[in-house]
$ cat protein_17.pdb   # PDB, C-alpha atoms and all ligand atoms
MODEL        1
ATOM      1  CA  MET J   1      14.808 192.059 143.600
ATOM      2  CA  ALA J   2      11.705 189.879 143.910
ATOM      3  CA  ASP J   3       9.286 190.704 146.747
ATOM      4  CA  THR J   4       9.842 188.374 149.693
ATOM      5  CA  ASP J   5       8.188 188.078 153.076
ATOM      6  CA  PRO J   6      10.942 189.320 155.414
ATOM      7  CA  ALA J   7       9.844 186.787 158.038
ATOM      8  CA  ARG J   8      10.108 183.867 155.576
ATOM      9  CA  PRO J   9      12.655 184.911 152.924
ATOM     10  CA  LEU J  10      13.051 181.314 151.689
ATOM     11  CA  ALA J  11       9.343 180.466 151.306
ATOM     12  CA  GLY J  12       8.866 178.336 148.187
ATOM     13  CA  LYS J  13      12.554 177.367 148.036
ATOM     14  CA  VAL J  14      14.055 173.905 148.435
ATOM     15  CA  ALA J  15      17.305 173.410 150.354
ATOM     16  CA  LEU J  16      19.488 170.325 150.708
ATOM     17  CA  VAL J  17      21.826 170.113 153.714
ATOM     18  CA  THR J  18      24.485 167.387 154.056
ATOM     19  CA  GLY J  19      25.601 166.214 157.492
ATOM     20  CA  ALA J  20      22.168 167.306 158.721
ATOM     21  CA  ALA J  21      21.626 164.675 161.425
ATOM     22  CA  ARG J  22      23.405 166.642 164.136
ATOM     23  CA  GLY J  23      25.592 169.607 165.021
ATOM     24  CA  ILE J  24      25.966 172.510 162.613
ATOM     25  CA  GLY J  25      24.050 170.738 159.825
ATOM     26  CA  ARG J  26      21.037 170.269 162.091
ATOM     27  CA  GLY J  27      21.223 173.935 163.119
ATOM     28  CA  ILE J  28      21.352 175.042 159.477
ATOM     29  CA  ALA J  29      18.451 172.785 158.478
ATOM     30  CA  LEU J  30      16.257 174.167 161.270
ATOM     31  CA  ARG J  31      17.158 177.780 160.453
ATOM     32  CA  LEU J  32      16.455 177.380 156.730
ATOM     33  CA  ALA J  33      13.136 175.739 157.637
ATOM     34  CA  ARG J  34      12.288 178.676 159.920
ATOM     35  CA  ASP J  35      13.103 180.908 156.940
ATOM     36  CA  GLY J  36      10.417 179.004 155.009
ATOM     37  CA  ALA J  37      12.419 176.508 152.918
ATOM     38  CA  ASP J  38      11.504 172.872 152.417
ATOM     39  CA  VAL J  39      14.543 170.846 153.440
ATOM     40  CA  CYS J  40      16.161 167.612 152.261
ATOM     41  CA  LEU J  41      18.266 166.226 155.119
ATOM     42  CA  VAL J  42      21.218 164.128 153.998
ATOM     43  CA  ASP J  43      23.462 162.093 156.276
ATOM     44  CA  LEU J  44      25.239 158.741 156.235
ATOM     45  CA  THR J  45      21.933 157.004 156.966
ATOM     46  CA  ALA J  46      18.427 158.350 156.445
ATOM     47  CA  GLU J  47      17.449 156.984 159.879
ATOM     48  CA  SER J  48      19.999 159.183 161.642
ATOM     49  CA  ALA J  49      18.269 162.291 160.250
ATOM     50  CA  GLU J  50      14.695 161.237 161.121
ATOM     51  CA  ALA J  51      14.605 163.152 164.427
ATOM     52  CA  VAL J  52      15.710 166.357 162.674
ATOM     53  CA  LYS J  53      13.104 165.695 159.975
ATOM     54  CA  ASP J  54      10.412 165.764 162.672
ATOM     55  CA  GLU J  55      11.812 169.032 164.061
ATOM     56  CA  VAL J  56      11.871 170.588 160.578
ATOM     57  CA  ALA J  57       8.350 169.395 159.750
ATOM     58  CA  ALA J  58       7.100 170.899 163.039
ATOM     59  CA  LEU J  59       8.098 174.299 161.615
ATOM     60  CA  GLY J  60       5.412 173.933 158.921
ATOM     61  CA  VAL J  61       7.586 173.108 155.903
ATOM     62  CA  ARG J  62       8.183 169.850 154.049
ATOM     63  CA  ALA J  63      11.162 167.658 154.895
ATOM     64  CA  THR J  64      12.693 164.503 153.500
ATOM     65  CA  THR J  65      15.668 162.379 154.531
ATOM     66  CA  VAL J  66      18.236 160.648 152.342
ATOM     67  CA  GLY J  67      21.122 158.366 153.310
ATOM     68  CA  ALA J  68      24.263 159.186 151.336
ATOM     69  CA  ASP J  69      28.011 159.206 151.818
ATOM     70  CA  VAL J  70      29.185 162.511 150.351
ATOM     71  CA  SER J  71      32.526 160.994 149.360
ATOM     72  CA  ASP J  72      30.671 158.906 146.747
ATOM     73  CA  ARG J  73      29.785 160.973 143.662
ATOM     74  CA  ASP J  74      26.890 158.733 142.598
ATOM     75  CA  GLN J  75      25.320 158.883 146.054
ATOM     76  CA  VAL J  76      25.509 162.696 146.086
ATOM     77  CA  PHE J  77      23.878 162.931 142.662
ATOM     78  CA  ALA J  78      21.198 160.456 143.789
ATOM     79  CA  ALA J  79      20.530 162.533 146.919
ATOM     80  CA  VAL J  80      20.002 165.663 144.826
ATOM     81  CA  GLU J  81      17.664 163.704 142.532
ATOM     82  CA  ARG J  82      15.677 162.601 145.566
ATOM     83  CA  ALA J  83      15.371 166.183 146.802
ATOM     84  CA  VAL J  84      13.980 167.234 143.438
ATOM     85  CA  ALA J  85      11.617 164.236 143.285
ATOM     86  CA  ASP J  86      10.342 164.592 146.866
ATOM     87  CA  LEU J  87      10.270 168.374 147.224
ATOM     88  CA  GLY J  88       9.810 169.579 143.639
ATOM     89  CA  GLY J  89      13.118 171.299 142.923
ATOM     90  CA  LEU J  90      16.363 172.587 144.335
ATOM     91  CA  ASP J  91      17.448 176.175 145.071
ATOM     92  CA  ILE J  92      20.018 175.924 147.871
ATOM     93  CA  MET J  93      22.749 173.317 148.368
ATOM     94  CA  VAL J  94      24.624 173.316 151.675
ATOM     95  CA  ASN J  95      27.726 171.115 151.508
ATOM     96  CA  ASN J  96      28.157 170.900 155.274
ATOM     97  CA  ALA J  97      29.236 167.286 155.955
ATOM     98  CA  GLY J  98      32.825 166.936 157.043
ATOM     99  CA  ILE J  99      35.107 165.121 159.447
ATOM    100  CA  ALA J 100      38.028 166.239 161.605
ATOM    101  CA  MET J 101      41.456 164.698 161.754
ATOM    102  CA  VAL J 102      43.919 165.435 164.565
ATOM    103  CA  GLU J 103      47.415 164.211 163.817
ATOM    104  CA  ALA J 104      50.912 165.661 163.617
ATOM    105  CA  LEU J 105      52.032 166.098 160.017
ATOM    106  CA  ALA J 106      55.018 163.863 160.771
ATOM    107  CA  ASP J 107      52.700 160.968 161.626
ATOM    108  CA  VAL J 108      49.796 161.097 159.157
ATOM    109  CA  ARG J 109      49.249 157.962 157.100
ATOM    110  CA  PRO J 110      47.985 157.694 153.507
ATOM    111  CA  GLU J 111      44.698 155.891 154.327
ATOM    112  CA  GLU J 112      43.648 158.552 156.878
ATOM    113  CA  VAL J 113      44.548 161.403 154.548
ATOM    114  CA  ASP J 114      42.755 159.777 151.610
ATOM    115  CA  ARG J 115      39.598 159.408 153.709
ATOM    116  CA  LEU J 116      39.795 163.033 154.843
ATOM    117  CA  TRP J 117      40.256 164.312 151.277
ATOM    118  CA  ARG J 118      37.427 162.095 149.978
ATOM    119  CA  ILE J 119      34.930 163.433 152.523
ATOM    120  CA  ASN J 120      35.997 167.048 153.082
ATOM    121  CA  ILE J 121      37.181 167.938 149.566
ATOM    122  CA  ASN J 122      35.594 165.475 147.139
ATOM    123  CA  GLY J 123      32.333 165.604 149.085
ATOM    124  CA  VAL J 124      32.125 169.351 148.486
ATOM    125  CA  LEU J 125      33.194 168.959 144.839
ATOM    126  CA  TRP J 126      30.478 166.365 144.108
ATOM    127  CA  GLY J 127      27.958 168.571 145.894
ATOM    128  CA  ILE J 128      28.923 171.544 143.737
ATOM    129  CA  GLN J 129      28.713 169.420 140.568
ATOM    130  CA  ALA J 130      25.372 167.832 141.391
ATOM    131  CA  ALA J 131      23.758 171.090 142.501
ATOM    132  CA  ALA J 132      25.033 173.151 139.559
ATOM    133  CA  ALA J 133      23.936 170.515 137.026
ATOM    134  CA  THR J 134      20.488 170.448 138.635
ATOM    135  CA  PHE J 135      20.071 174.230 138.794
ATOM    136  CA  ILE J 136      21.028 174.429 135.107
ATOM    137  CA  GLU J 137      18.700 171.570 134.136
ATOM    138  CA  LEU J 138      15.815 173.136 136.068
ATOM    139  CA  GLY J 139      16.614 176.531 134.525
ATOM    140  CA  ARG J 140      16.665 178.323 137.878
ATOM    141  CA  PRO J 141      19.277 180.316 139.765
ATOM    142  CA  GLY J 142      20.868 178.621 142.730
ATOM    143  CA  LYS J 143      22.987 179.074 145.826
ATOM    144  CA  ILE J 144      25.788 176.705 146.767
ATOM    145  CA  ILE J 145      27.141 177.093 150.306
ATOM    146  CA  ASN J 146      30.178 175.143 151.503
ATOM    147  CA  ALA J 147      31.612 174.395 154.965
ATOM    148  CA  SER J 148      35.123 175.727 155.392
ATOM    149  CA  SER J 149      36.518 176.809 158.790
ATOM    150  CA  ILE J 150      38.935 179.088 160.604
ATOM    151  CA  ALA J 151      41.201 176.167 159.687
ATOM    152  CA  GLY J 152      40.608 177.142 156.054
ATOM    153  CA  HIS J 153      42.283 180.488 156.783
ATOM    154  CA  ASP J 154      45.096 179.380 159.127
ATOM    155  CA  GLY J 155      47.025 176.127 159.339
ATOM    156  CA  PHE J 156      46.750 174.877 162.941
ATOM    157  CA  PRO J 157      49.259 172.442 164.490
ATOM    158  CA  MET J 158      47.917 168.866 164.776
ATOM    159  CA  LEU J 159      45.132 169.951 162.415
ATOM    160  CA  GLY J 160      47.369 170.432 159.365
ATOM    161  CA  CYS J 161      45.642 168.012 157.008
ATOM    162  CA  TYR J 162      42.195 169.102 158.205
ATOM    163  CA  SER J 163      43.291 172.701 157.571
ATOM    164  CA  ALA J 164      44.476 171.749 154.079
ATOM    165  CA  SER J 165      41.073 170.216 153.347
ATOM    166  CA  LYS J 166      39.332 173.422 154.425
ATOM    167  CA  PHE J 167      41.724 175.608 152.381
ATOM    168  CA  ALA J 168      40.751 173.380 149.442
ATOM    169  CA  VAL J 169      37.078 174.138 150.092
ATOM    170  CA  ARG J 170      37.872 177.842 149.722
ATOM    171  CA  ALA J 171      39.663 177.155 146.423
ATOM    172  CA  LEU J 172      36.714 175.157 145.090
ATOM    173  CA  THR J 173      34.348 177.905 146.246
ATOM    174  CA  GLN J 174      36.273 180.615 144.393
ATOM    175  CA  ALA J 175      36.685 178.614 141.171
ATOM    176  CA  ALA J 176      33.064 177.447 141.156
ATOM    177  CA  ALA J 177      31.873 181.019 141.748
ATOM    178  CA  ARG J 178      33.722 182.095 138.608
ATOM    179  CA  GLU J 179      32.669 179.053 136.529
ATOM    180  CA  PHE J 180      28.960 179.257 137.330
ATOM    181  CA  ALA J 181      28.383 183.009 137.659
ATOM    182  CA  ASP J 182      26.918 183.281 134.154
ATOM    183  CA  LYS J 183      24.287 180.672 135.109
ATOM    184  CA  LYS J 184      23.131 182.841 138.036
ATOM    185  CA  ILE J 185      24.581 180.378 140.517
ATOM    186  CA  THR J 186      26.429 181.873 143.495
ATOM    187  CA  VAL J 187      28.946 179.889 145.517
ATOM    188  CA  ASN J 188      30.092 180.946 148.985
ATOM    189  CA  ALA J 189      31.518 179.312 152.098
ATOM    190  CA  TYR J 190      31.112 179.767 155.841
ATOM    191  CA  CYS J 191      34.107 179.554 158.166
ATOM    192  CA  PRO J 192      33.073 178.836 161.766
ATOM    193  CA  GLY J 193      35.453 178.976 164.718
ATOM    194  CA  VAL J 194      35.001 176.687 167.717
ATOM    195  CA  VAL J 195      31.487 175.275 167.690
ATOM    196  CA  GLY J 196      30.477 173.097 170.635
ATOM    197  CA  THR J 197      29.449 170.003 168.669
ATOM    198  CA  ASP J 198      30.392 166.312 168.823
ATOM    199  CA  MET J 199      33.199 167.104 166.389
ATOM    200  CA  TRP J 200      34.929 169.200 169.040
ATOM    201  CA  VAL J 201      34.416 166.492 171.691
ATOM    202  CA  ASP J 202      36.386 164.181 169.372
ATOM    203  CA  ILE J 203      39.032 166.805 168.557
ATOM    204  CA  ASP J 204      39.569 167.551 172.249
ATOM    205  CA  ARG J 205      39.799 163.832 173.126
ATOM    206  CA  ARG J 206      42.324 163.184 170.356
ATOM    207  CA  PHE J 207      44.469 166.171 171.416
ATOM    208  CA  ALA J 208      44.437 164.711 174.940
ATOM    209  CA  GLU J 209      45.576 161.308 173.638
ATOM    210  CA  LEU J 210      48.362 162.751 171.533
ATOM    211  CA  THR J 211      49.662 165.606 173.669
ATOM    212  CA  GLY J 212      48.871 164.614 177.249
ATOM    213  CA  ALA J 213      46.503 167.578 177.642
ATOM    214  CA  GLU J 214      43.612 167.149 180.098
ATOM    215  CA  ILE J 215      40.172 166.435 178.651
ATOM    216  CA  GLY J 216      38.600 169.858 177.981
ATOM    217  CA  GLU J 217      41.927 171.680 178.027
ATOM    218  CA  THR J 218      42.357 172.065 174.250
ATOM    219  CA  TYR J 219      38.752 173.164 173.789
ATOM    220  CA  ASP J 220      39.087 175.725 176.601
ATOM    221  CA  LYS J 221      42.352 177.003 175.120
ATOM    222  CA  PHE J 222      40.772 177.561 171.703
ATOM    223  CA  VAL J 223      37.692 179.201 173.256
ATOM    224  CA  SER J 224      39.871 181.523 175.367
ATOM    225  CA  GLY J 225      41.099 183.095 172.118
ATOM    226  CA  ILE J 226      37.604 184.187 171.057
ATOM    227  CA  ALA J 227      37.105 187.947 171.408
ATOM    228  CA  LEU J 228      33.383 187.613 172.128
ATOM    229  CA  GLY J 229      34.243 185.367 175.066
ATOM    230  CA  ARG J 230      32.231 182.240 174.420
ATOM    231  CA  ALA J 231      32.160 179.162 172.211
ATOM    232  CA  GLU J 232      30.090 179.289 169.045
ATOM    233  CA  THR J 233      26.725 177.531 168.712
ATOM    234  CA  PRO J 234      25.239 175.911 165.599
ATOM    235  CA  ASP J 235      22.676 178.756 165.608
ATOM    236  CA  ASP J 236      25.496 181.316 165.295
ATOM    237  CA  VAL J 237      26.655 179.531 162.136
ATOM    238  CA  ALA J 238      23.125 179.006 160.848
ATOM    239  CA  GLY J 239      22.372 182.735 161.017
ATOM    240  CA  TYR J 240      25.190 183.413 158.566
ATOM    241  CA  VAL J 241      24.159 180.524 156.310
ATOM    242  CA  SER J 242      20.618 181.917 156.309
ATOM    243  CA  TYR J 243      22.048 185.174 154.930
ATOM    244  CA  LEU J 244      24.073 183.261 152.287
ATOM    245  CA  ALA J 245      20.940 181.313 151.287
ATOM    246  CA  GLY J 246      18.673 184.346 151.140
ATOM    247  CA  PRO J 247      18.079 187.227 148.745
ATOM    248  CA  ASP J 248      20.218 189.718 150.705
ATOM    249  CA  SER J 249      23.369 187.916 149.525
ATOM    250  CA  ASP J 250      22.404 187.827 145.836
ATOM    251  CA  TYR J 251      25.344 190.089 144.912
ATOM    252  CA  MET J 252      27.930 188.001 146.792
ATOM    253  CA  THR J 253      29.895 185.109 145.317
ATOM    254  CA  GLY J 254      33.229 183.339 145.831
ATOM    255  CA  GLN J 255      33.571 184.452 149.453
ATOM    256  CA  ALA J 256      34.553 182.405 152.513
ATOM    257  CA  GLY J 257      33.454 184.526 155.446
ATOM    258  CA  LEU J 258      34.654 184.006 158.995
ATOM    259  CA  ILE J 259      31.855 183.597 161.537
ATOM    260  CA  ASP J 260      33.974 182.857 164.602
ATOM    261  CA  GLY J 261      33.197 185.385 167.354
ATOM    262  CA  GLY J 262      36.480 187.175 166.670
ATOM    263  CA  LEU J 263      39.155 184.487 166.616
ATOM    264  CA  LEU J 264      40.885 185.360 163.358
ATOM    265  CA  PHE J 265      40.913 188.872 161.930
ATOM    266  CA  ARG J 266      41.187 188.996 158.124
TER     267      ARG J 266
HETATM  268  N1  LIG Y 301      32.561 172.070 165.063
HETATM  269  C1  LIG Y 301      33.368 173.064 164.718
HETATM  270  O1  LIG Y 301      33.967 173.751 165.561
HETATM  271  C2  LIG Y 301      33.578 173.405 163.277
HETATM  272  C3  LIG Y 301      33.084 172.651 162.248
HETATM  273  N2  LIG Y 301      33.314 173.014 160.955
HETATM  274  C4  LIG Y 301      32.789 172.234 159.838
HETATM  275  O2  LIG Y 301      31.365 172.249 159.891
HETATM  276  C5  LIG Y 301      30.843 171.015 159.382
HETATM  277  C6  LIG Y 301      29.931 170.388 160.415
HETATM  278  O3  LIG Y 301      30.655 170.190 161.619
HETATM  279  P1  LIG Y 301      29.973 169.642 162.966
HETATM  280  O4  LIG Y 301      28.532 169.787 162.932
HETATM  281  O5  LIG Y 301      30.747 170.231 164.079
HETATM  282  O6  LIG Y 301      30.369 168.078 162.846
HETATM  283  P2  LIG Y 301      29.683 166.793 163.512
HETATM  284  O7  LIG Y 301      30.733 165.734 163.486
HETATM  285  O8  LIG Y 301      29.064 167.147 164.811
HETATM  286  O9  LIG Y 301      28.525 166.429 162.470
HETATM  287  C7  LIG Y 301      28.864 166.066 161.155
HETATM  288  C8  LIG Y 301      27.713 165.339 160.490
HETATM  289  O10 LIG Y 301      28.172 164.978 159.177
HETATM  290  C9  LIG Y 301      27.886 163.618 158.950
HETATM  291  N3  LIG Y 301      28.873 163.034 158.043
HETATM  292  C10 LIG Y 301      30.175 162.749 158.305
HETATM  293  N4  LIG Y 301      30.754 162.176 157.251
HETATM  294  C11 LIG Y 301      29.787 162.092 156.292
HETATM  295  C12 LIG Y 301      29.774 161.569 154.980
HETATM  296  N5  LIG Y 301      30.859 161.001 154.435
HETATM  297  N6  LIG Y 301      28.622 161.652 154.268
HETATM  298  C13 LIG Y 301      27.516 162.207 154.810
HETATM  299  N7  LIG Y 301      27.486 162.706 156.060
HETATM  300  C14 LIG Y 301      28.602 162.642 156.788
HETATM  301  C15 LIG Y 301      27.941 162.967 160.338
HETATM  302  O11 LIG Y 301      27.233 161.739 160.343
HETATM  303  C16 LIG Y 301      27.334 164.043 161.201
HETATM  304  O12 LIG Y 301      25.941 163.928 161.283
HETATM  305  C17 LIG Y 301      32.066 170.168 159.024
HETATM  306  O13 LIG Y 301      32.376 170.303 157.662
HETATM  307  C18 LIG Y 301      33.170 170.778 159.868
HETATM  308  O14 LIG Y 301      34.446 170.529 159.322
HETATM  309  C19 LIG Y 301      34.033 174.137 160.636
HETATM  310  C20 LIG Y 301      34.541 174.912 161.619
HETATM  311  C21 LIG Y 301      34.367 174.618 163.014
HETATM  312  C1  LIG Y 302      36.883 172.008 163.862
HETATM  313  C2  LIG Y 302      37.462 173.177 163.200
HETATM  314  O1  LIG Y 302      37.072 173.496 162.120
HETATM  315  C3  LIG Y 302      38.474 173.921 163.812
HETATM  316  C4  LIG Y 302      39.294 173.338 164.834
HETATM  317  O2  LIG Y 302      38.701 175.022 163.477
ENDMDL
END
$ encode --input "protein_17.pdb" --output "structure tokens"
Amino acid sequence: MADTDPARPLAGKVALVTGAARGIGRGIALRLARDGADVCLVDLTAESAEAVKDEVAALGVRATTVGADVSDRDQVFAAVERAVADLGGLDIMVNNAGIAMVEALADVRPEEVDRLWRININGVLWGIQAAAATFIELGRPGKIINASSIAGHDGFPMLGCYSASKFAVRALTQAAAREFADKKITVNAYCPGVVGTDMWVDIDRRFAELTGAEIGETYDKFVSGIALGRAETPDDVAGYVSYLAGPDSDYMTGQAGLIDGGLLFR
């Protein structure tokens, strides 16, 4: 293993994080920056990620922002190109961007499901493609890290299609790990539990609309199932992603690890 400064295990590396303007993506971007990586922040608009760019730059690394919709293959490839052009390479790709969908299976409509698949599944697929092609072209090893979920391990009522999209992320992670192993590219996924981000505000509100639950009730119910007794924070997730991005996970590929405070036990 190469010598690395334990305080900055990612010094000299370049990471790209999608969905980096807020929530878990922001937390991951800041953690990878603290680990020493230069970070390309991708979100629907570059402007939305500017505040995080300033936070990343304040940690003494380089940062750049790119506007891209991950459901569009060309935009994902262009974002990776920009990371290479602005920051001099690419070593770590975090396919974090995703959306939730709360709907009973009996009621889901084709347009909603298509949109969900295009962002949560295709977005990860294009990210894997673009990153792997770039690692191979640059002739360097790489780490691809995808956002799955507890919902990628269990199908939850009202979250059935969302769960299916996160199961699909695990399938892509496993297949990509096998396809790219001989190029020294590892592919893993992180599976958070209930993280107190805007996504959960929306999930809770939609459950309330559809089921008559009080605002906050669904969130509290999910959190009450967590063995460690509290909701997850983006930093909890980012700590695990830091491990997946760093040298200590070099011998790990194709895994989709739960980081959920003890909600599911697998
Ligand atoms: N919040 C939670 O409890 C959990 C979240 N996750 C997953 O973690 C990831 C991040 O979740 P949160 O930070 O909670 O979500 P969030 O909704 O708070 O933030 C998502 C970010 O992704 C961006 N985004 C959405 N669609 C995009 C697109 N098409 N192209 C580019 N960017 C796009 C949004 O603009 C936003 O900045 C998602 O994949 C989510 O499914 C997994 C398990 C639990
Ligand atoms: C948002 C999410 O991934 C859940 C409900 O597990």
$ residues_near_ligand --input "protein_17.pdb" --ligand "ligand LIG 302 (chain Y)" --cutoff "6 Å" --atoms "all atoms listed in the file" --output "PyMOL selection string"
chain J and resi 149-151+193-194
$ axis_aligned_box --input "protein_17.pdb" --around "segment 217-236 of chain J" --padding-each-side "3 Å" --output "JSON"
{"center_x": 32.5, "center_y": 179.8, "center_z": 171.7, "size_x": 25.7, "size_y": 22.3, "size_z": 18.7}
$ atom_distance --input "protein_17.pdb" --atom1 "atom CA of Asp35 of chain J" --atom2 "atom CA of Arg8 of chain J"
4.4 Å
$ residues_near_ligand --input "protein_17.pdb" --ligand "ligand LIG 301 (chain Y)" --cutoff "7 Å" --atoms "all atoms listed in the file" --output "ChimeraX atom specification"
/J:18-25,42-44,68-71,96-100,119-120,147-150,191-200
$ write_last_selection --input "protein_17.pdb" --atoms "C-alpha atoms" --output "mmCIF file, keeping the file's coordinate frame"
data_model
loop_
_atom_site.group_PDB
_atom_site.id
_atom_site.type_symbol
_atom_site.label_atom_id
_atom_site.label_comp_id
_atom_site.auth_asym_id
_atom_site.auth_seq_id
_atom_site.Cartn_x
_atom_site.Cartn_y
_atom_site.Cartn_z
ATOM 1 C CA THR J 18 24.485 167.387 154.056
ATOM 2 C CA GLY J 19 25.601 166.214 157.492
ATOM 3 C CA ALA J 20 22.168 167.306 158.721
ATOM 4 C CA ALA J 21 21.626 164.675 161.425
ATOM 5 C CA ARG J 22 23.405 166.642 164.136
ATOM 6 C CA GLY J 23 25.592 169.607 165.021
ATOM 7 C CA ILE J 24 25.966 172.510 162.613
ATOM 8 C CA GLY J 25 24.050 170.738 159.825
ATOM 9 C CA VAL J 42 21.218 164.128 153.998
ATOM 10 C CA ASP J 43 23.462 162.093 156.276
ATOM 11 C CA LEU J 44 25.239 158.741 156.235
ATOM 12 C CA ALA J 68 24.263 159.186 151.336
ATOM 13 C CA ASP J 69 28.011 159.206 151.818
ATOM 14 C CA VAL J 70 29.185 162.511 150.351
ATOM 15 C CA SER J 71 32.526 160.994 149.360
ATOM 16 C CA ASN J 96 28.157 170.900 155.274
ATOM 17 C CA ALA J 97 29.236 167.286 155.955
ATOM 18 C CA GLY J 98 32.825 166.936 157.043
ATOM 19 C CA ILE J 99 35.107 165.121 159.447
ATOM 20 C CA ALA J 100 38.028 166.239 161.605
ATOM 21 C CA ILE J 119 34.930 163.433 152.523
ATOM 22 C CA ASN J 120 35.997 167.048 153.082
ATOM 23 C CA ALA J 147 31.612 174.395 154.965
ATOM 24 C CA SER J 148 35.123 175.727 155.392
ATOM 25 C CA SER J 149 36.518 176.809 158.790
ATOM 26 C CA ILE J 150 38.935 179.088 160.604
ATOM 27 C CA CYS J 191 34.107 179.554 158.166
ATOM 28 C CA PRO J 192 33.073 178.836 161.766
ATOM 29 C CA GLY J 193 35.453 178.976 164.718
ATOM 30 C CA VAL J 194 35.001 176.687 167.717
ATOM 31 C CA VAL J 195 31.487 175.275 167.690
ATOM 32 C CA GLY J 196 30.477 173.097 170.635
ATOM 33 C CA THR J 197 29.449 170.003 168.669
ATOM 34 C CA ASP J 198 30.392 166.312 168.823
ATOM 35 C CA MET J 199 33.199 167.104 166.389
ATOM 36 C CA TRP J 200 34.929 169.200 169.040
#
$ closest_residue --input "protein_17.pdb" --among "J:Ile185, J:Val237, J:Cys40, J:Val94" --to "Gly27 of chain J" --atoms "all atoms listed in the file"
J:Val237
$ resolve_selection --input "protein_17.pdb" --expression "the PyMOL selection byres (((chain J and resi 56) around 10) and not hetatm)" --output "compact mmCIF listing (two decimals) with C-alpha atoms, in the coordinates of the input"
# COMPACT_ATOMS: atom_id res chain seq x y z
CA ARG J 26 21.04 170.27 162.09
CA ALA J 29 18.45 172.78 158.48
CA LEU J 30 16.26 174.17 161.27
CA ARG J 31 17.16 177.78 160.45
CA LEU J 32 16.45 177.38 156.73
CA ALA J 33 13.14 175.74 157.64
CA ARG J 34 12.29 178.68 159.92
CA ALA J 37 12.42 176.51 152.92
CA ASP J 38 11.50 172.87 152.42
CA VAL J 39 14.54 170.85 153.44
CA CYS J 40 16.16 167.61 152.26
CA LEU J 41 18.27 166.23 155.12
CA GLU J 50 14.70 161.24 161.12
CA ALA J 51 14.60 163.15 164.43
CA VAL J 52 15.71 166.36 162.67
CA LYS J 53 13.10 165.70 159.98
CA ASP J 54 10.41 165.76 162.67
CA GLU J 55 11.81 169.03 164.06
CA ALA J 57 8.35 169.40 159.75
CA ALA J 58 7.10 170.90 163.04
CA LEU J 59 8.10 174.30 161.62
CA GLY J 60 5.41 173.93 158.92
CA VAL J 61 7.59 173.11 155.90
CA ARG J 62 8.18 169.85 154.05
CA ALA J 63 11.16 167.66 154.90
CA THR J 64 12.69 164.50 153.50
$ residues_around --input "protein_17.pdb" --residues "Pro247 of chain J" --least-positions-apart "2" --cutoff "9 Å" --atoms "only C-alpha atoms" --output "CSV table (one decimal) with C-alpha atoms, keeping the file's coordinate frame"
chain,number,residue,atom,x,y,z
J,1,MET,CA,14.8,192.1,143.6
J,2,ALA,CA,11.7,189.9,143.9
J,4,THR,CA,9.8,188.4,149.7
J,9,PRO,CA,12.7,184.9,152.9
J,10,LEU,CA,13.1,181.3,151.7
J,243,TYR,CA,22.0,185.2,154.9
J,244,LEU,CA,24.1,183.3,152.3
J,245,ALA,CA,20.9,181.3,151.3
J,249,SER,CA,23.4,187.9,149.5
J,250,ASP,CA,22.4,187.8,145.8
J,251,TYR,CA,25.3,190.1,144.9
$ closest_residue --input "protein_17.pdb" --among "J:Asp74, J:Asp220, J:Asp91, J:Glu179" --to "Gly12 of chain J" --atoms "all atoms listed in the file"
J:Asp91
$ closest_residue --input "protein_17.pdb" --among "J:Ala238, J:Met101, J:Ala133, J:Ile145" --to "Ala256 of chain J" --atoms "all atoms listed in the file"
J:Ile145
$ atom_distance --input "protein_17.pdb" --atom1 "atom CA of Gly262 of chain J" --atom2 "atom CA of Trp117 of chain J"
27.8 Å
$ residues_near_point --input "protein_17.pdb" --point "(31.5, 180.5, 173.3)" --cutoff "12 Å" --atoms "only C-alpha atoms" --output "PDB file with C-alpha atoms, in the frame of the given file"
ATOM      1  CA  PRO J 192      33.073 178.836 161.766  1.00  0.00           C
ATOM      2  CA  GLY J 193      35.453 178.976 164.718  1.00  0.00           C
ATOM      3  CA  VAL J 194      35.001 176.687 167.717  1.00  0.00           C
ATOM      4  CA  VAL J 195      31.487 175.275 167.690  1.00  0.00           C
ATOM      5  CA  GLY J 196      30.477 173.097 170.635  1.00  0.00           C
ATOM      6  CA  THR J 197      29.449 170.003 168.669  1.00  0.00           C
ATOM      7  CA  TYR J 219      38.752 173.164 173.789  1.00  0.00           C
ATOM      8  CA  ASP J 220      39.087 175.725 176.601  1.00  0.00           C
ATOM      9  CA  LYS J 221      42.352 177.003 175.120  1.00  0.00           C
ATOM     10  CA  PHE J 222      40.772 177.561 171.703  1.00  0.00           C
ATOM     11  CA  VAL J 223      37.692 179.201 173.256  1.00  0.00           C
ATOM     12  CA  SER J 224      39.871 181.523 175.367  1.00  0.00           C
ATOM     13  CA  GLY J 225      41.099 183.095 172.118  1.00  0.00           C
ATOM     14  CA  ILE J 226      37.604 184.187 171.057  1.00  0.00           C
ATOM     15  CA  ALA J 227      37.105 187.947 171.408  1.00  0.00           C
ATOM     16  CA  LEU J 228      33.383 187.613 172.128  1.00  0.00           C
ATOM     17  CA  GLY J 229      34.243 185.367 175.066  1.00  0.00           C
ATOM     18  CA  ARG J 230      32.231 182.240 174.420  1.00  0.00           C
ATOM     19  CA  ALA J 231      32.160 179.162 172.211  1.00  0.00           C
ATOM     20  CA  GLU J 232      30.090 179.289 169.045  1.00  0.00           C
ATOM     21  CA  THR J 233      26.725 177.531 168.712  1.00  0.00           C
ATOM     22  CA  PRO J 234      25.239 175.911 165.599  1.00  0.00           C
ATOM     23  CA  ASP J 235      22.676 178.756 165.608  1.00  0.00           C
ATOM     24  CA  ASP J 236      25.496 181.316 165.295  1.00  0.00           C
ATOM     25  CA  ASP J 260      33.974 182.857 164.602  1.00  0.00           C
ATOM     26  CA  GLY J 261      33.197 185.385 167.354  1.00  0.00           C
ATOM     27  CA  GLY J 262      36.480 187.175 166.670  1.00  0.00           C
ATOM     28  CA  LEU J 263      39.155 184.487 166.616  1.00  0.00           C
TER      29      LEU J 263
END
